[in-house]
file model10.txt (compact mmCIF, C-alpha atoms)
# COMPACT_ATOMS: atom_id res chain seq x y z
CA MET A 52 -12.75 34.44 2.34
CA THR A 53 -14.68 31.38 1.27
CA MET A 54 -11.61 30.11 -0.54
CA THR A 55 -9.44 30.36 2.58
CA LYS A 56 -12.16 28.61 4.54
CA GLU A 57 -12.39 25.84 1.97
CA LEU A 58 -8.62 25.43 1.87
CA LEU A 59 -8.51 25.19 5.66
CA ALA A 60 -11.32 22.65 5.62
CA ILE A 61 -9.46 20.54 3.05
CA LEU A 62 -6.27 20.76 5.08
CA MET A 63 -7.90 19.74 8.35
CA THR A 64 -9.91 16.97 6.72
CA ALA A 65 -6.77 15.52 5.18
CA ILE A 66 -4.89 15.66 8.48
CA LEU A 67 -7.54 14.50 10.90
CA THR A 68 -10.68 12.87 9.57
CA GLU A 69 -9.34 11.30 6.41
CA ASN A 70 -5.91 10.51 7.71
CA PHE A 71 -3.97 8.67 5.01
CA LEU A 72 -2.55 6.03 7.31
CA LEU A 73 -5.28 5.49 9.82
CA SER A 74 -8.44 5.82 7.79
CA LYS A 75 -7.46 5.46 4.14
CA PHE A 76 -4.79 2.78 4.64
CA LEU A 77 -2.38 4.36 2.19
CA GLY A 78 1.28 3.85 2.98
CA ILE A 79 0.84 1.10 5.54
CA CYS A 80 4.18 -0.52 4.72
CA PRO A 81 6.31 2.31 6.14
CA PHE A 82 3.74 2.77 8.91
CA LEU A 83 4.45 -0.76 10.16
CA GLY A 84 8.03 -1.02 8.96
CA VAL A 85 9.77 2.24 9.87
CA SER A 86 7.82 3.27 12.96
CA LYS A 87 9.95 1.55 15.60
CA LYS A 88 11.94 4.65 16.46
CA LEU A 89 10.76 8.23 16.66
CA ASN A 90 13.58 9.71 14.58
CA THR A 91 13.25 7.25 11.70
CA ALA A 92 9.48 7.71 11.73
CA SER A 93 9.76 11.48 11.48
CA GLY A 94 12.55 11.29 8.89
CA MET A 95 10.48 9.00 6.71
CA SER A 96 7.46 11.28 7.07
CA MET A 97 9.45 14.36 6.08
CA ALA A 98 10.70 12.55 2.99
CA VAL A 99 7.12 11.51 2.14
CA ILE A 100 5.83 15.08 2.55
CA PHE A 101 8.65 16.38 0.35
CA VAL A 102 8.08 13.85 -2.44
CA MET A 103 4.28 14.15 -2.23
CA LEU A 104 4.40 17.94 -2.67
CA LEU A 105 6.86 17.68 -5.54
CA ALA A 106 4.85 14.92 -7.21
CA THR A 107 1.65 16.97 -6.99
CA ALA A 108 3.36 20.08 -8.32
CA VAL A 109 4.75 18.13 -11.28
CA THR A 110 1.81 15.87 -12.11
CA TYR A 111 -0.80 18.63 -11.98
CA PRO A 112 0.50 20.50 -15.07
CA ILE A 113 1.25 17.22 -16.86
CA ASN A 114 -2.29 16.04 -16.30
CA ASN A 115 -4.07 19.31 -17.05
CA PHE A 116 -1.96 20.63 -19.91
CA ILE A 117 -0.80 17.46 -21.65
CA LEU A 118 -2.98 14.45 -20.84
CA VAL A 119 -6.48 15.89 -20.57
CA PRO A 120 -6.38 18.25 -23.61
CA ASN A 121 -5.13 15.40 -25.79
CA GLY A 122 -7.71 12.91 -24.57
CA LEU A 123 -5.05 10.79 -22.92
CA ALA A 124 -6.56 10.81 -19.43
CA TYR A 125 -6.62 7.02 -19.45
CA LEU A 126 -2.82 7.05 -19.34
CA GLN A 127 -2.86 8.76 -15.94
CA THR A 128 -1.85 5.72 -13.90
CA ILE A 129 1.13 4.87 -16.09
CA VAL A 130 2.32 8.46 -16.46
CA PHE A 131 1.95 9.28 -12.77
CA ILE A 132 3.88 6.28 -11.51
CA LEU A 133 6.67 6.90 -14.01
CA VAL A 134 6.84 10.58 -13.12
CA ILE A 135 7.02 9.71 -9.44
CA ALA A 136 9.72 7.12 -10.01
CA ALA A 137 11.80 9.51 -12.13
CA LEU A 138 11.20 12.33 -9.68
CA VAL A 139 12.37 10.34 -6.69
CA GLN A 140 15.54 9.41 -8.49
CA LEU A 141 16.16 13.00 -9.61
CA VAL A 142 15.57 14.32 -6.12
CA GLU A 143 18.00 11.80 -4.73
CA ILE A 144 20.73 12.71 -7.20
CA THR A 145 20.19 16.45 -6.73
CA LEU A 146 20.19 16.28 -2.96
CA LYS A 147 23.27 14.09 -2.89
CA LYS A 148 25.18 16.54 -5.06
CA TYR A 149 24.02 19.94 -3.83
CA ILE A 150 22.46 19.64 -0.37
CA PRO A 151 24.32 16.82 1.39
CA SER A 152 22.97 17.80 4.81
CA LEU A 153 19.38 17.34 3.66
CA TYR A 154 20.40 14.19 1.81
CA SER A 155 21.81 12.63 4.94
CA ALA A 156 18.54 13.36 6.72
CA LEU A 157 16.07 12.22 4.04
CA GLY A 158 18.20 10.35 1.51
CA ILE A 159 17.94 6.89 2.98
CA TYR A 160 14.16 7.00 2.87
CA LEU A 161 13.81 8.21 -0.70
CA PRO A 162 14.26 4.84 -2.46
CA LEU A 163 11.48 3.43 -0.31
CA ILE A 164 9.04 6.04 -1.49
CA THR A 165 8.75 5.23 -5.21
CA THR A 166 6.24 2.48 -4.67
CA ASN A 167 4.66 4.02 -1.62
CA CYS A 168 0.94 4.04 -2.30
CA ALA A 169 0.51 7.25 -0.33
CA VAL A 170 2.33 9.28 -3.00
CA LEU A 171 0.52 7.83 -6.00
CA GLY A 172 -2.67 7.81 -3.93
CA VAL A 173 -2.65 11.51 -3.17
CA VAL A 174 -1.94 12.38 -6.80
CA ILE A 175 -4.82 10.23 -8.05
CA LEU A 176 -7.17 11.50 -5.34
CA ASN A 177 -6.44 15.11 -6.32
CA VAL A 178 -7.39 14.30 -9.90
CA ASP A 179 -10.48 12.30 -8.89
CA ASN A 180 -11.69 15.13 -6.67
CA GLY A 181 -11.20 17.64 -9.49
CA TYR A 182 -9.09 19.95 -7.31
CA ASN A 183 -7.42 22.97 -8.88
CA PHE A 184 -3.73 23.61 -8.28
CA ALA A 185 -4.06 25.40 -4.94
CA TYR A 186 -6.54 22.84 -3.60
CA SER A 187 -4.32 19.98 -4.77
CA MET A 188 -1.26 21.37 -3.04
CA VAL A 189 -3.16 22.02 0.18
CA ASN A 190 -4.72 18.56 0.11
CA THR A 191 -1.28 17.06 -0.47
CA LEU A 192 0.21 19.07 2.38
CA GLY A 193 -2.61 17.90 4.65
CA ALA A 194 -2.14 14.28 3.61
CA GLY A 195 1.59 14.57 4.30
CA LEU A 196 1.12 16.26 7.66
CA GLY A 197 -1.47 13.64 8.58
CA PHE A 198 1.08 11.00 7.66
CA LEU A 199 3.62 12.68 9.92
CA VAL A 200 1.20 12.98 12.83
CA ALA A 201 0.15 9.33 12.59
CA MET A 202 3.71 8.07 12.20
CA VAL A 203 5.01 10.07 15.16
CA MET A 204 2.08 9.07 17.38
CA PHE A 205 2.46 5.45 16.43
CA ALA A 206 6.23 5.51 16.97
CA GLY A 207 5.51 6.70 20.50
CA VAL A 208 3.07 3.85 21.01
CA ARG A 209 5.56 1.33 19.69
CA GLU A 210 8.40 2.54 21.87
CA ARG A 211 6.14 1.88 24.86
CA LEU A 212 5.19 -1.49 23.42
CA GLU A 213 8.84 -2.58 23.42
CA SER A 214 8.84 -2.80 27.21
CA CYS A 215 5.50 -4.59 27.49
CA ASP A 216 4.99 -8.20 28.34
CA VAL A 217 3.13 -9.41 25.27
CA PRO A 218 1.63 -12.92 25.11
CA LYS A 219 3.78 -15.12 22.91
CA PHE A 220 1.28 -15.63 20.11
CA MET A 221 0.74 -11.89 19.79
CA GLN A 222 4.39 -10.89 19.72
CA GLY A 223 5.70 -8.96 16.76
CA LEU A 224 3.37 -8.02 13.97
CA PRO A 225 0.00 -8.97 15.57
CA ILE A 226 0.42 -6.73 18.60
CA THR A 227 1.70 -3.93 16.34
CA LEU A 228 -1.50 -4.18 14.31
CA VAL A 229 -3.68 -4.16 17.41
CA ALA A 230 -1.79 -1.08 18.61
CA ALA A 231 -2.42 0.49 15.20
CA SER A 232 -6.09 -0.33 15.61
CA LEU A 233 -6.22 1.51 18.93
CA THR A 234 -4.33 4.48 17.48
CA SER A 235 -6.84 4.52 14.66
CA ILE A 236 -9.73 4.56 17.16
CA SER A 237 -8.32 7.75 18.65
CA PHE A 238 -8.58 9.35 15.21
CA LEU A 239 -12.24 8.30 14.92
CA GLY A 240 -12.85 10.92 17.59
CA PHE A 241 -12.19 13.61 14.99
CA ALA A 242 -15.11 12.46 12.82
CA GLY A 243 -17.40 15.38 12.13
CA ILE A 244 -15.15 17.91 13.78
CA VAL A 245 -14.17 19.55 10.49
CA ASP A 246 -17.78 19.81 9.32
CA GLY A 247 -18.64 21.18 12.74
CA ILE A 248 -16.09 23.97 12.47
CA PHE A 249 -16.14 24.82 8.79
CA GLY A 250 -19.48 23.43 7.59
CA MET B 100 6.94 -34.23 -17.88
CA ALA B 101 9.53 -34.90 -15.21
CA ASP B 102 9.17 -31.40 -13.83
CA LYS B 103 5.43 -31.57 -13.49
CA LYS B 104 5.49 -31.81 -9.72
CA PRO B 105 7.53 -28.65 -9.04
CA LEU B 106 5.25 -26.75 -11.40
CA VAL B 107 2.21 -27.71 -9.35
CA LYS B 108 4.14 -26.56 -6.31
CA GLU B 109 4.61 -23.11 -7.85
CA PHE B 110 0.86 -22.80 -7.76
CA THR B 111 0.14 -24.28 -4.35
CA LYS B 112 2.88 -22.47 -2.42
CA GLY B 113 1.05 -19.15 -2.81
CA LEU B 114 -2.08 -20.55 -1.19
CA ILE B 115 -0.84 -21.32 2.30
CA ALA B 116 2.91 -21.80 2.81
CA GLU B 117 3.81 -18.47 1.17
CA ASN B 118 0.48 -16.72 1.34
CA PRO B 119 1.34 -13.19 0.21
CA VAL B 120 -0.83 -11.45 2.80
CA LEU B 121 -0.61 -13.61 5.89
CA ARG B 122 2.88 -15.08 5.51
CA LEU B 123 4.89 -12.63 3.41
CA VAL B 124 2.95 -9.59 4.73
CA LEU B 125 2.76 -7.91 1.33
CA GLY B 126 -0.05 -5.80 -0.05
CA THR B 127 -1.26 -4.69 3.35
CA CYS B 128 -2.78 -1.43 2.08
CA PRO B 129 -5.44 -2.96 -0.20
CA THR B 130 -6.00 -5.80 2.27
CA LEU B 131 -6.98 -3.38 5.00
CA ALA B 132 -8.78 -0.93 2.77
CA VAL B 133 -11.13 -3.02 0.64
CA SER B 134 -11.94 -5.80 3.10
CA THR B 135 -15.03 -4.02 4.41
CA SER B 136 -17.30 -6.06 2.14
CA VAL B 137 -17.07 -9.49 0.60
CA MET B 138 -17.98 -8.18 -2.85
CA GLY B 139 -15.29 -5.49 -2.73
CA ALA B 140 -12.73 -8.05 -1.60
CA LEU B 141 -13.69 -10.37 -4.43
CA GLY B 142 -13.43 -7.56 -6.99
CA MET B 143 -10.07 -6.43 -5.67
CA GLY B 144 -8.75 -10.00 -5.50
CA ALA B 145 -9.84 -10.73 -9.05
CA ALA B 146 -8.47 -7.46 -10.46
CA ALA B 147 -5.12 -7.85 -8.71
CA SER B 148 -4.89 -11.53 -9.72
CA ILE B 149 -5.45 -10.73 -13.39
CA VAL B 150 -2.78 -8.04 -13.30
CA LEU B 151 -0.45 -10.36 -11.40
CA ILE B 152 -0.84 -13.27 -13.83
CA CYS B 153 -0.56 -11.12 -16.96
CA SER B 154 2.41 -9.11 -15.73
CA ASN B 155 4.17 -12.27 -14.52
CA ILE B 156 3.75 -13.84 -17.96
CA VAL B 157 4.97 -10.79 -19.87
CA ILE B 158 7.86 -10.08 -17.52
CA SER B 159 8.94 -13.70 -17.67
CA ALA B 160 8.73 -13.65 -21.47
CA LEU B 161 10.84 -10.51 -21.63
CA ARG B 162 13.26 -11.45 -18.87
CA LYS B 163 16.16 -12.01 -21.27
CA ILE B 164 15.49 -8.80 -23.20
CA ILE B 165 15.11 -6.34 -20.32
CA PRO B 166 18.55 -5.11 -19.19
CA GLY B 167 19.14 -5.72 -15.49
CA LYS B 168 19.74 -2.07 -14.67
CA VAL B 169 16.40 -0.78 -15.90
CA ARG B 170 14.34 -3.79 -14.95
CA ILE B 171 12.35 -2.10 -12.17
CA PRO B 172 11.13 0.81 -14.35
CA ALA B 173 10.37 -1.73 -17.09
CA TYR B 174 8.37 -3.87 -14.64
CA ILE B 175 6.50 -0.81 -13.44
CA VAL B 176 5.52 0.13 -17.00
CA ILE B 177 4.31 -3.41 -17.73
CA ILE B 178 2.33 -3.59 -14.49
CA ALA B 179 0.87 -0.10 -14.97
CA SER B 180 -0.27 -1.02 -18.49
CA PHE B 181 -2.17 -4.06 -17.25
CA VAL B 182 -3.65 -2.06 -14.39
CA THR B 183 -4.91 0.50 -16.90
CA ILE B 184 -6.48 -2.26 -19.01
CA VAL B 185 -8.16 -3.82 -15.98
CA GLN B 186 -9.28 -0.38 -14.79
CA MET B 187 -10.99 0.30 -18.13
CA LEU B 188 -12.64 -3.13 -18.19
CA VAL B 189 -13.94 -2.78 -14.64
CA LYS B 190 -15.23 0.74 -15.35
CA ALA B 191 -17.04 -0.54 -18.44
CA PHE B 192 -18.53 -3.80 -17.16
CA PHE B 193 -18.65 -3.58 -13.35
CA PRO B 194 -19.29 0.07 -12.47
CA GLU B 195 -20.44 -0.85 -8.92
CA ILE B 196 -17.14 -2.58 -8.19
CA ASP B 197 -15.28 0.40 -9.64
CA GLU B 198 -17.19 2.63 -7.25
CA SER B 199 -16.51 0.48 -4.21
CA LEU B 200 -12.80 0.11 -4.97
CA GLY B 201 -12.31 3.77 -5.88
CA VAL B 202 -8.73 4.90 -5.72
CA TYR B 203 -7.51 1.44 -4.73
CA LEU B 204 -8.07 0.12 -8.25
CA PRO B 205 -5.35 2.26 -9.91
CA LEU B 206 -3.23 1.71 -6.80
CA ILE B 207 -2.82 -1.94 -7.79
CA VAL B 208 0.24 -0.55 -9.62
CA VAL B 209 2.04 -0.09 -6.34
CA ASN B 210 0.71 -3.28 -4.78
CA CYS B 211 3.86 -4.76 -3.32
CA ILE B 212 2.77 -8.31 -4.18
CA ILE B 213 2.91 -7.69 -7.91
CA LEU B 214 6.25 -5.90 -8.08
CA GLY B 215 7.58 -8.30 -5.46
CA ARG B 216 6.67 -11.37 -7.52
CA ALA B 217 8.06 -9.77 -10.68
CA GLU B 218 11.36 -9.16 -8.95
CA ALA B 219 11.55 -12.37 -6.92
CA PHE B 220 10.09 -14.84 -9.36
CA ALA B 221 8.96 -13.84 -12.85
CA GLY B 222 12.26 -12.16 -13.70
CA LYS B 223 14.10 -15.42 -13.18
CA ASN B 224 11.74 -18.23 -14.13
CA SER B 225 10.03 -19.72 -17.16
CA ILE B 226 6.72 -18.45 -18.49
CA VAL B 227 4.67 -21.44 -17.34
CA ALA B 228 6.15 -21.39 -13.85
CA SER B 229 5.62 -17.62 -13.61
CA ALA B 230 2.01 -17.89 -14.72
CA LEU B 231 1.37 -20.60 -12.12
CA ASP B 232 3.16 -18.56 -9.47
CA GLY B 233 0.98 -15.58 -10.37
CA MET B 234 -2.16 -17.69 -10.16
CA GLY B 235 -1.18 -19.15 -6.79
CA MET B 236 -0.29 -15.77 -5.34
CA GLY B 237 -3.46 -14.26 -6.80
CA VAL B 238 -5.66 -16.95 -5.29
CA GLY B 239 -3.79 -16.68 -1.97
CA PHE B 240 -4.28 -12.90 -1.96
CA THR B 241 -7.98 -13.24 -2.81
CA ALA B 242 -8.49 -15.92 -0.15
CA ALA B 243 -6.86 -13.80 2.55
CA LEU B 244 -8.91 -10.77 1.47
CA LEU B 245 -12.10 -12.83 1.53
CA ALA B 246 -11.33 -14.18 4.99
CA MET B 247 -10.79 -10.65 6.27
CA ALA B 248 -13.87 -9.30 4.51
CA PHE B 249 -16.05 -12.18 5.71
CA ILE B 250 -15.15 -11.56 9.36
CA ARG B 251 -15.42 -7.78 9.08
CA GLU B 252 -18.68 -7.68 7.16
CA LEU B 253 -20.32 -10.39 9.27
CA ILE B 254 -19.43 -8.85 12.63
CA GLY B 255 -19.70 -5.27 11.40
CA THR B 256 -23.12 -5.45 9.79
CA GLY B 257 -24.53 -8.86 10.67
CA ALA B 258 -24.98 -9.59 6.99
CA ILE B 259 -22.95 -11.05 4.14
CA ASN B 260 -23.53 -9.39 0.79
CA GLY B 261 -27.00 -8.25 1.82
CA ILE B 262 -28.11 -11.57 3.34
CA GLN B 263 -28.82 -10.99 7.02
CA ILE B 264 -27.13 -13.68 9.16
CA PHE B 265 -27.95 -12.22 12.57
CA PRO B 266 -29.92 -9.09 13.52
CA ALA B 267 -28.11 -5.87 12.71
CA ASP B 268 -28.79 -4.68 16.27
CA PHE B 269 -26.11 -7.06 17.52
CA SER B 270 -23.49 -6.01 15.00
CA MET B 271 -20.37 -4.08 15.93
CA LEU B 272 -19.94 -1.25 13.47
CA ILE B 273 -16.30 -0.75 14.46
CA PHE B 274 -15.34 -3.86 12.52
CA ILE B 275 -16.04 -2.21 9.20
CA LEU B 276 -14.39 1.01 10.31
CA PRO B 277 -10.60 1.38 9.93
CA PRO B 278 -9.69 0.20 13.48
CA GLY B 279 -11.53 -3.06 12.84
CA GLY B 280 -9.38 -3.63 9.78
CA PHE B 281 -6.15 -3.38 11.75
CA PHE B 282 -7.58 -5.54 14.53
CA VAL B 283 -8.86 -8.38 12.33
CA PHE B 284 -5.64 -8.35 10.32
CA GLY B 285 -3.61 -8.60 13.52
CA MET B 286 -5.70 -11.52 14.72
CA LEU B 287 -5.39 -13.34 11.40
CA ILE B 288 -1.61 -12.90 11.41
CA ALA B 289 -1.49 -14.20 14.99
CA LEU B 290 -3.51 -17.24 13.90
CA ALA B 291 -1.28 -17.80 10.86
CA ASN B 292 1.81 -17.51 13.09
CA LYS B 293 0.37 -20.03 15.52
CA LEU B 294 -0.31 -22.51 12.72
CA ALA B 295 3.13 -21.89 11.22
CA GLU B 296 4.77 -22.42 14.58
CA LYS B 297 3.13 -25.82 14.90
CA LYS B 298 4.73 -26.79 11.61
CA GLY B 299 8.05 -25.35 12.69
CA LYS B 300 7.99 -22.48 10.21
CA PRO B 301 9.16 -18.95 11.05
CA LYS B 302 6.73 -16.24 12.07
CA ALA B 303 5.46 -13.66 9.62
CA GLU B 304 7.39 -10.52 10.37
CA LEU B 305 8.06 -7.14 8.87
CA HIS B 306 11.71 -6.48 9.46
CA GLY B 307 14.77 -5.51 7.53
CA CYS B 308 15.26 -5.84 3.84
CA GLU B 309 14.42 -9.50 3.30
CA SER B 310 10.72 -8.99 3.83
CA CYS B 311 10.63 -5.28 3.03
CA PRO B 312 7.93 -4.94 0.41
CA MET B 313 9.78 -2.05 -1.11
CA ALA B 314 13.05 -3.91 -1.45
CA ALA B 315 12.36 -4.19 -5.15
CA SER B 316 12.22 -0.46 -5.65
CA CYS B 317 15.19 -0.05 -3.36
CA THR B 318 17.44 -1.72 -5.88
CA LEU B 319 16.14 0.76 -8.43
CA ILE B 320 18.52 3.34 -7.04
CA SER B 321 20.99 1.69 -4.75
CA SER B 322 21.53 -1.56 -6.57
CA GLY B 323 23.84 -3.82 -4.68
CA GLU B 324 23.84 -1.67 -1.59
CA ASN B 325 22.27 -2.64 1.66
CA CYS B 326 19.14 -0.92 2.74
CA ASP B 327 20.31 1.69 5.25
CA VAL B 328 16.94 1.93 6.85
CA LYS B 329 17.42 -1.56 8.18
CA GLU B 330 20.38 -0.49 10.27
CA ALA B 331 18.62 2.69 11.24
CA THR B 332 15.65 0.78 12.59
CA VAL B 333 17.56 -2.06 14.20
CA LYS B 334 19.99 0.23 16.02
call {"tool": "encode", "arguments": {"input": "model10.txt", "output": "structure tokens"}}
result
Amino acid sequence: MTMTKELLAILMTAILTENFLLSKFLGICPFLGVSKKLNTASGMSMAVIFVMLLATAVTYPINNFILVPNGLAYLQTIVFILVIAALVQLVEITLKKYIPSLYSALGIYLPLITTNCAVLGVVILNVDNGYNFAYSMVNTLGAGLGFLVAMVMFAGVRERLESCDVPKFMQGLPITLVAASLTSISFLGFAGIVDGIFG
Amino acid sequence: MADKKPLVKEFTKGLIAENPVLRLVLGTCPTLAVSTSVMGALGMGAAASIVLICSNIVISALRKIIPGKVRIPAYIVIIASFVTIVQMLVKAFFPEIDESLGVYLPLIVVNCIILGRAEAFAGKNSIVASALDGMGMGVGFTAALLAMAFIRELIGTGAINGIQIFPADFSMLIFILPPGGFFVFGMLIALANKLAEKKGKPKAELHGCESCPMAASCTLISSGENCDVKEATVK
């Protein structure tokens, strides 16, 4: 019972109060770059969720059964980034060969994910927080879903922005960032809500 | 000595004309995340600059040895090694900075500025030029971070590094919260665009592959191909 409660709390915290994009600033490049249209934003997010979950599932055993027992924990950064890079490439090849329909939906976003700080970030955060396997996976799922929620919301905001009369000096990136700021304010409203429910 | 002038230029271009944060719009994640305090910004700027200079030097030195096809993984390994070294040094000598940077310290590995410079510059130029390029970009990154952090910390808390400038009662906490980061960054980009426009330079913009910070990793898999996402977003 307590475990389910804790898992739910981790999930909700990762989605709402500690949203990767809007409060931790991890993965801002796709947030600003691929959020112009709703379908690209959701496609990118699905690819991120997929790679994040895979990366967590693969790095957890590597870290706990190979690196830590051998006193190699200091190699975490190098090993994790290499595992993620190799994983992304493997996933791309596998999808292309065996599941072309999924590849056509996610494939184009995969190359962009290798150096996405959200993926490496969630893996490192799981280790830093000392989560066990179940907690890590749930935290990763929450981070990914939070990514999706923020991307989709922001894509909606940006589609509206397209038809707005923006002052010349604010056009382009500046107004996008101000819109992101306002979107982020809406997420501030969730502060304390998870503690309130599960605390 | 004839090429002394261009070498100086490699250093100075990173400061203003090609400032990595405000002109090339790279490394936005750490810029937004650690600019809540001037000390954090300084620590992040210094750590990233050291990694940038060292990796630029090594990558430039190895540029004829690393085969083109595996260059991105090779760059990543080199960068990750320096990040690990810096991480250990910071943990040992500046534990407070390590605490304030948290997860963003190891995340220097995926800082687009570093991989971007490796791909765009160090992989093609001499060691001295690459070192100067790294220094310029590092200083430019640190300066932009400091500007952000100064504004955010001053307005957000009324103090800079513990020295009270105006009473905390008048401060606006939102500036050190995440929304303030986006807002101040947007304003700084607008200012940089305005200044660039006066000089007849193009605006800073995130669009397509040319300025895509992940273009480097793109070529990892689809070398020679165009980035499909560009068409998908432009459509």
call {"tool": "interface_residues", "arguments": {"input": "model10.txt", "of": "chain A", "to": "chain B", "cutoff": "8 Å", "atoms": "only C-alpha atoms", "output": "ChimeraX atom specification"}}
result
/A:73-80,83-85,87-88,91,125-126,128-129,132-133,136,140,159-160,162-163,165-168,171-172,175-176,220-221,223-229,231-236
call {"tool": "write_last_selection", "arguments": {"input": "model10.txt", "atoms": "C-alpha atoms", "output": "mmCIF file, keeping the file's coordinate frame"}}
result
data_model
loop_
_atom_site.group_PDB
_atom_site.id
_atom_site.type_symbol
_atom_site.label_atom_id
_atom_site.label_comp_id
_atom_site.auth_asym_id
_atom_site.auth_seq_id
_atom_site.Cartn_x
_atom_site.Cartn_y
_atom_site.Cartn_z
ATOM 1 C CA LEU A 73 -5.280 5.490 9.820
ATOM 2 C CA SER A 74 -8.440 5.820 7.790
ATOM 3 C CA LYS A 75 -7.460 5.460 4.140
ATOM 4 C CA PHE A 76 -4.790 2.780 4.640
ATOM 5 C CA LEU A 77 -2.380 4.360 2.190
ATOM 6 C CA GLY A 78 1.280 3.850 2.980
ATOM 7 C CA ILE A 79 0.840 1.100 5.540
ATOM 8 C CA CYS A 80 4.180 -0.520 4.720
ATOM 9 C CA LEU A 83 4.450 -0.760 10.160
ATOM 10 C CA GLY A 84 8.030 -1.020 8.960
ATOM 11 C CA VAL A 85 9.770 2.240 9.870
ATOM 12 C CA LYS A 87 9.950 1.550 15.600
ATOM 13 C CA LYS A 88 11.940 4.650 16.460
ATOM 14 C CA THR A 91 13.250 7.250 11.700
ATOM 15 C CA TYR A 125 -6.620 7.020 -19.450
ATOM 16 C CA LEU A 126 -2.820 7.050 -19.340
ATOM 17 C CA THR A 128 -1.850 5.720 -13.900
ATOM 18 C CA ILE A 129 1.130 4.870 -16.090
ATOM 19 C CA ILE A 132 3.880 6.280 -11.510
ATOM 20 C CA LEU A 133 6.670 6.900 -14.010
ATOM 21 C CA ALA A 136 9.720 7.120 -10.010
ATOM 22 C CA GLN A 140 15.540 9.410 -8.490
ATOM 23 C CA ILE A 159 17.940 6.890 2.980
ATOM 24 C CA TYR A 160 14.160 7.000 2.870
ATOM 25 C CA PRO A 162 14.260 4.840 -2.460
ATOM 26 C CA LEU A 163 11.480 3.430 -0.310
ATOM 27 C CA THR A 165 8.750 5.230 -5.210
ATOM 28 C CA THR A 166 6.240 2.480 -4.670
ATOM 29 C CA ASN A 167 4.660 4.020 -1.620
ATOM 30 C CA CYS A 168 0.940 4.040 -2.300
ATOM 31 C CA LEU A 171 0.520 7.830 -6.000
ATOM 32 C CA GLY A 172 -2.670 7.810 -3.930
ATOM 33 C CA ILE A 175 -4.820 10.230 -8.050
ATOM 34 C CA LEU A 176 -7.170 11.500 -5.340
ATOM 35 C CA PHE A 220 1.280 -15.630 20.110
ATOM 36 C CA MET A 221 0.740 -11.890 19.790
ATOM 37 C CA GLY A 223 5.700 -8.960 16.760
ATOM 38 C CA LEU A 224 3.370 -8.020 13.970
ATOM 39 C CA PRO A 225 0.000 -8.970 15.570
ATOM 40 C CA ILE A 226 0.420 -6.730 18.600
ATOM 41 C CA THR A 227 1.700 -3.930 16.340
ATOM 42 C CA LEU A 228 -1.500 -4.180 14.310
ATOM 43 C CA VAL A 229 -3.680 -4.160 17.410
ATOM 44 C CA ALA A 231 -2.420 0.490 15.200
ATOM 45 C CA SER A 232 -6.090 -0.330 15.610
ATOM 46 C CA LEU A 233 -6.220 1.510 18.930
ATOM 47 C CA THR A 234 -4.330 4.480 17.480
ATOM 48 C CA SER A 235 -6.840 4.520 14.660
ATOM 49 C CA ILE A 236 -9.730 4.560 17.160
#
call {"tool": "atom_distance", "arguments": {"input": "model10.txt", "atom1": "atom CA of B:Leu245", "atom2": "atom CA of B:Gly261"}}
result
15.6 Å
call {"tool": "residues_around", "arguments": {"input": "model10.txt", "residues": "B:Ala246", "least_positions_apart": "5", "cutoff": "9 Å", "atoms": "only C-alpha atoms", "output": "PyMOL selection string"}}
result
chain B and resi 134+137+241+251+287
call {"tool": "atom_distance", "arguments": {"input": "model10.txt", "atom1": "atom CA of A:Ala230", "atom2": "atom CA of B:Phe240"}}
result
23.9 Å
call {"tool": "atom_distance", "arguments": {"input": "model10.txt", "atom1": "atom CA of B:Glu252", "atom2": "atom CA of B:Phe274"}}
result
7.4 Å
call {"tool": "residues_around", "arguments": {"input": "model10.txt", "residues": "stretch 142-144 of chain A", "least_positions_apart": "2", "cutoff": "12 Å", "atoms": "only C-alpha atoms", "output": "MDAnalysis selection string"}}
result
(chainID A and resid 98 101:103 105:106 134:140 146:151 153:165) or (chainID B and resid 319:321)
call {"tool": "write_last_selection", "arguments": {"input": "model10.txt", "atoms": "C-alpha atoms", "output": "compact mmCIF listing (two decimals), in the coordinates of the input"}}
result
# COMPACT_ATOMS: atom_id res chain seq x y z
CA ALA A 98 10.70 12.55 2.99
CA PHE A 101 8.65 16.38 0.35
CA VAL A 102 8.08 13.85 -2.44
CA MET A 103 4.28 14.15 -2.23
CA LEU A 105 6.86 17.68 -5.54
CA ALA A 106 4.85 14.92 -7.21
CA VAL A 134 6.84 10.58 -13.12
CA ILE A 135 7.02 9.71 -9.44
CA ALA A 136 9.72 7.12 -10.01
CA ALA A 137 11.80 9.51 -12.13
CA LEU A 138 11.20 12.33 -9.68
CA VAL A 139 12.37 10.34 -6.69
CA GLN A 140 15.54 9.41 -8.49
CA LEU A 146 20.19 16.28 -2.96
CA LYS A 147 23.27 14.09 -2.89
CA LYS A 148 25.18 16.54 -5.06
CA TYR A 149 24.02 19.94 -3.83
CA ILE A 150 22.46 19.64 -0.37
CA PRO A 151 24.32 16.82 1.39
CA LEU A 153 19.38 17.34 3.66
CA TYR A 154 20.40 14.19 1.81
CA SER A 155 21.81 12.63 4.94
CA ALA A 156 18.54 13.36 6.72
CA LEU A 157 16.07 12.22 4.04
CA GLY A 158 18.20 10.35 1.51
CA ILE A 159 17.94 6.89 2.98
CA TYR A 160 14.16 7.00 2.87
CA LEU A 161 13.81 8.21 -0.70
CA PRO A 162 14.26 4.84 -2.46
CA LEU A 163 11.48 3.43 -0.31
CA ILE A 164 9.04 6.04 -1.49
CA THR A 165 8.75 5.23 -5.21
CA LEU B 319 16.14 0.76 -8.43
CA ILE B 320 18.52 3.34 -7.04
CA SER B 321 20.99 1.69 -4.75
